[in-house]
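As structure tokens, the structure follows; a few thoughts come after it.
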Amino acid sequence: MRCDLRHLQLGRRLAVACLTAALVASSGRFAGAQVVGTTGSTARAHLASNIAVDSGDSTRQLRDSIDAALRMIRMGALQVGDRVVLRVPGVATLSDTFVVHAGRVLELPDIPAIPLAGVGREDLEHHLRLELARYVRDTAAIEARSLTRVSVVGDVNAPGYYSVAPDALVSDVLMRAGGLSRTAAADRITVRRGSITLWKPEDLHRAMASGETLDELGFRAGDEIVVPSRRDWGEYMRTGALVAGAVVSVLVLRHR
């Protein structure tokens with residue numbers, strides 16, 4: 001009876017761990033900031049709480065499964081729209097930047113598409129070496145890294161699209177965009193995916209202060225960092241004074 005109860009408890013822990021891992025891995029399907037925000041330390045802590053199992057051969061497979069789920073959260077799975085910078089010495093056609101297409105596949109010249117579903121960013125290089133071994137002799141020299149293409153809009157000095165490493169910080173991306181302009185409202189920065197706000201100002205500020213990376217914040221290709229402008233009343237008053245002066249000048253000229 002005690003043994004059956006123990007197995008039941010282990011089964012419940014495994015179910016919770018697998019369910020959490022599945023939710024985290026598919027967080028891109030949900031639009032709310034609450035789900036996206038769990039891809040960082042919150043989700044990892046929740047999964048870690050389910051690893052408190054007894055030692056022994058009977059639980060080794062369970063711990064391995066949970067450890068694998070934790071690694072996937074830590075590494076982050078590649079997403080559609082991500083860039084892969086690939087370098088294959090001696091093969092110019094394979095030494096370029098390629099895009100992860102629908103179905104999470106990497107389409108390379110002259111060879112079949114390479115599946116990337118379930119491949120973590122840290123495993124990308126090893127995975128591509130194995131896949132390209134059928135076409136390339138010296139796979140040990142192959143280099144690969146992933147980039148996420150995000151947009152920076154609003155009151156920055158160089159708005160536009162930037163391909164950055166998934167372990168970059170939001171502040172790194174803002175620096176790539178030339179930094180905030182003089183009139184930027186630094187306390188009102190948000191992150192959007194289409195018309196949906198993923199991260200509100202107060203939540204994003206806390207995440208940035210804790211050093212969360214783009215991957216941990218759930219960024220996907222095409223997401224926008226929006227930097228609004230603050231109201232510069234001094235500038236408005238100067239502009240208003242110029243307009244008022246121009247109007248007075250016109251009125252004076254008309255009455256002469």
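By order of appearance in the structure tokens: chains A, B, ..., then residues from 1 within every chain, and ligands from 1 in the order shown.
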Within 12 Å of Leu204 of chain A, counting only C-alpha atoms, which residues show up once you throw out same-chain ones fewer than 3 positions away? Write them as a CSV table (one decimal) with C-alpha atoms, in the first residue's frame, please.
```
chain,number,residue,atom,x,y,z
A,33,ALA,CA,1.6,39.1,-20.4
A,34,GLN,CA,1.0,36.8,-17.5
A,36,VAL,CA,4.7,35.1,-21.4
A,37,GLY,CA,6.2,36.4,-18.2
A,169,LEU,CA,18.8,42.5,-22.3
A,170,VAL,CA,16.1,45.0,-23.3
A,171,SER,CA,18.6,47.7,-22.5
A,186,ALA,CA,11.7,55.8,-20.0
A,187,ASP,CA,9.1,54.8,-17.3
A,188,ARG,CA,6.4,54.0,-19.9
A,189,ILE,CA,8.2,51.5,-22.2
A,190,THR,CA,6.1,48.5,-23.3
A,191,VAL,CA,6.5,45.4,-25.4
A,192,ARG,CA,3.8,44.5,-28.0
A,197,THR,CA,0.6,44.4,-25.0
A,198,LEU,CA,2.8,41.6,-23.7
A,199,TRP,CA,4.6,43.7,-21.0
A,200,LYS,CA,3.2,46.7,-19.3
A,201,PRO,CA,5.6,49.5,-18.1
A,207,ALA,CA,12.0,42.4,-15.2
A,208,MET,CA,14.7,44.7,-16.6
A,209,ALA,CA,15.9,45.5,-13.1
A,210,SER,CA,16.2,41.8,-12.3
A,211,GLY,CA,18.3,41.2,-15.5
A,212,GLU,CA,15.8,39.1,-17.4
A,213,THR,CA,16.9,38.3,-21.0
A,214,LEU,CA,14.8,38.5,-24.1
A,216,GLU,CA,13.3,34.8,-20.4
A,217,LEU,CA,10.8,37.5,-21.2
A,218,GLY,CA,9.3,35.4,-24.0
A,225,ILE,CA,9.7,47.5,-27.9
A,226,VAL,CA,7.6,50.7,-27.8
```
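For Asn157 of chain A, the set of protein, DNA and RNA residues having any atom at most 10 Å away, when counting only C-alpha atoms and skipping those fewer than 5 positions along the same chain, is Leu174, Met175, Arg176, Ala177, Gly178, Gly179, Leu180, Ser181, Arg182 and Ala184 of chain A.
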Spatial neighbours of segment 125-132 of chain A, 10 Å, only C-alpha atoms, chain gap at least 5 places, as a PyMOL selection string: chain A and resi 84+86+88+106+111+113-116+119-120+137-146
How would the residues just picked look written out with N, CA and C atoms as a compact mmCIF listing (two decimals), in the first residue's frame?
```
# COMPACT_ATOMS: atom_id res chain seq x y z
N VAL A 84 19.23 32.31 -37.93
CA VAL A 84 20.32 31.40 -37.59
C VAL A 84 21.55 31.81 -38.39
N LEU A 86 24.87 30.84 -39.64
CA LEU A 86 25.55 29.56 -39.88
C LEU A 86 26.86 29.79 -40.62
N VAL A 88 29.83 27.38 -42.35
CA VAL A 88 30.35 26.07 -42.71
C VAL A 88 31.61 26.30 -43.54
N LEU A 106 14.54 24.83 -40.98
CA LEU A 106 15.58 25.70 -41.53
C LEU A 106 15.84 25.26 -42.97
N ILE A 111 19.96 21.38 -50.04
CA ILE A 111 19.75 20.22 -49.18
C ILE A 111 18.34 20.30 -48.59
N ALA A 113 15.16 20.56 -46.06
CA ALA A 113 14.95 21.41 -44.89
C ALA A 113 15.29 20.64 -43.61
N ILE A 114 15.89 21.34 -42.67
CA ILE A 114 16.30 20.73 -41.40
C ILE A 114 15.28 21.07 -40.32
N PRO A 115 14.68 20.07 -39.68
CA PRO A 115 13.69 20.35 -38.62
C PRO A 115 14.36 20.89 -37.36
N LEU A 116 13.72 21.89 -36.76
CA LEU A 116 14.26 22.49 -35.54
C LEU A 116 13.27 22.44 -34.38
N VAL A 119 14.24 21.96 -30.59
CA VAL A 119 15.68 22.18 -30.45
C VAL A 119 15.91 23.45 -29.63
N GLY A 120 16.63 23.33 -28.52
CA GLY A 120 16.96 24.50 -27.72
C GLY A 120 18.06 25.31 -28.36
N ARG A 137 31.87 17.11 -44.70
CA ARG A 137 32.86 16.22 -44.07
C ARG A 137 33.30 16.73 -42.70
N ASP A 138 33.78 17.95 -42.65
CA ASP A 138 34.33 18.48 -41.40
C ASP A 138 33.24 19.19 -40.61
N THR A 139 32.43 18.44 -39.90
CA THR A 139 31.34 19.05 -39.14
C THR A 139 31.81 19.71 -37.85
N ALA A 140 33.00 19.34 -37.37
CA ALA A 140 33.50 19.91 -36.12
C ALA A 140 33.75 21.41 -36.24
N ALA A 141 33.97 21.88 -37.47
CA ALA A 141 34.26 23.30 -37.69
C ALA A 141 33.01 24.14 -37.91
N ILE A 142 31.85 23.50 -37.94
CA ILE A 142 30.60 24.22 -38.18
C ILE A 142 30.26 25.08 -36.96
N GLU A 143 29.88 26.32 -37.21
CA GLU A 143 29.47 27.23 -36.14
C GLU A 143 28.05 27.72 -36.41
N ALA A 144 27.25 27.82 -35.37
CA ALA A 144 25.87 28.28 -35.53
C ALA A 144 25.40 28.97 -34.25
N ARG A 145 24.66 30.04 -34.43
CA ARG A 145 24.05 30.73 -33.29
C ARG A 145 22.75 31.35 -33.75
N SER A 146 21.85 31.54 -32.83
CA SER A 146 20.53 32.07 -33.17
C SER A 146 20.40 33.54 -32.80
```
For atom CA of Val227 of chain A and atom CA of His101 of chain A, the interatomic separation in Å (one decimal):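 According to the coordinates, atom CA of Val227 of chain A and atom CA of His101 of chain A are separated by 29.0 Å.
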Computed interatomic separation between atom CA of Tyr135 of chain A and atom CA of Thr93 of chain A (Å): 12.5 Å
Which parts of segment 146-210 of chain A does DSSP call alpha helix (DSSP H) when run on the backbone here, written out as a CSV table (one decimal) with C-alpha atoms, in the first residue's frame?
```
chain,number,residue,atom,x,y,z
A,170,VAL,CA,16.1,45.0,-23.3
A,171,SER,CA,18.6,47.7,-22.5
A,172,ASP,CA,21.0,46.2,-25.0
A,173,VAL,CA,18.4,46.4,-27.7
A,174,LEU,CA,17.6,50.0,-26.8
A,175,MET,CA,21.3,50.8,-27.1
A,176,ARG,CA,21.4,49.2,-30.6
A,201,PRO,CA,5.6,49.5,-18.1
A,202,GLU,CA,5.7,48.5,-14.4
A,203,ASP,CA,6.1,44.8,-15.1
A,204,LEU,CA,8.8,45.4,-17.8
A,205,HIS,CA,10.7,47.7,-15.4
A,206,ARG,CA,10.8,45.1,-12.7
A,207,ALA,CA,12.0,42.4,-15.2
A,208,MET,CA,14.7,44.7,-16.6
A,209,ALA,CA,15.9,45.5,-13.1
```
Secondary structure check, strand (DSSP E or B) residues of segment 73-164 of chain A, as a count of residues only: 35
Atom pair atom CA of Pro159 of chain A / atom CA of Ala77 of chain A: separation (Å): 27.2 Å
Residues near Pro166 of chain A, cut-off 7 Å, only C-alpha atoms, skip fewer than 2 positions along chain, as a VMD selection string: chain A and resid 147 to 148 164 168 213 to 215
Those residues with C-alpha atoms, as an mmCIF file, in the first residue's frame please?
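Result file is out_8.cif:
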```
data_model
loop_
_atom_site.group_PDB
_atom_site.id
_atom_site.type_symbol
_atom_site.label_atom_id
_atom_site.label_comp_id
_atom_site.auth_asym_id
_atom_site.auth_seq_id
_atom_site.Cartn_x
_atom_site.Cartn_y
_atom_site.Cartn_z
ATOM 1 C CA LEU A 147 19.282 35.649 -33.293
ATOM 2 C CA THR A 148 15.850 37.115 -32.590
ATOM 3 C CA VAL A 164 19.944 40.335 -31.399
ATOM 4 C CA ALA A 168 20.515 40.067 -24.689
ATOM 5 C CA THR A 213 16.921 38.331 -20.964
ATOM 6 C CA LEU A 214 14.797 38.502 -24.113
ATOM 7 C CA ASP A 215 14.454 34.720 -24.028
#
```
For Asp155 of chain A, the nearest of the candidates A:Glu122, A:Ser229, A:Leu94, A:Val80, counting only C-alpha atoms: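 Smallest separation from Asp155 of chain A among the options: A:Ser229.
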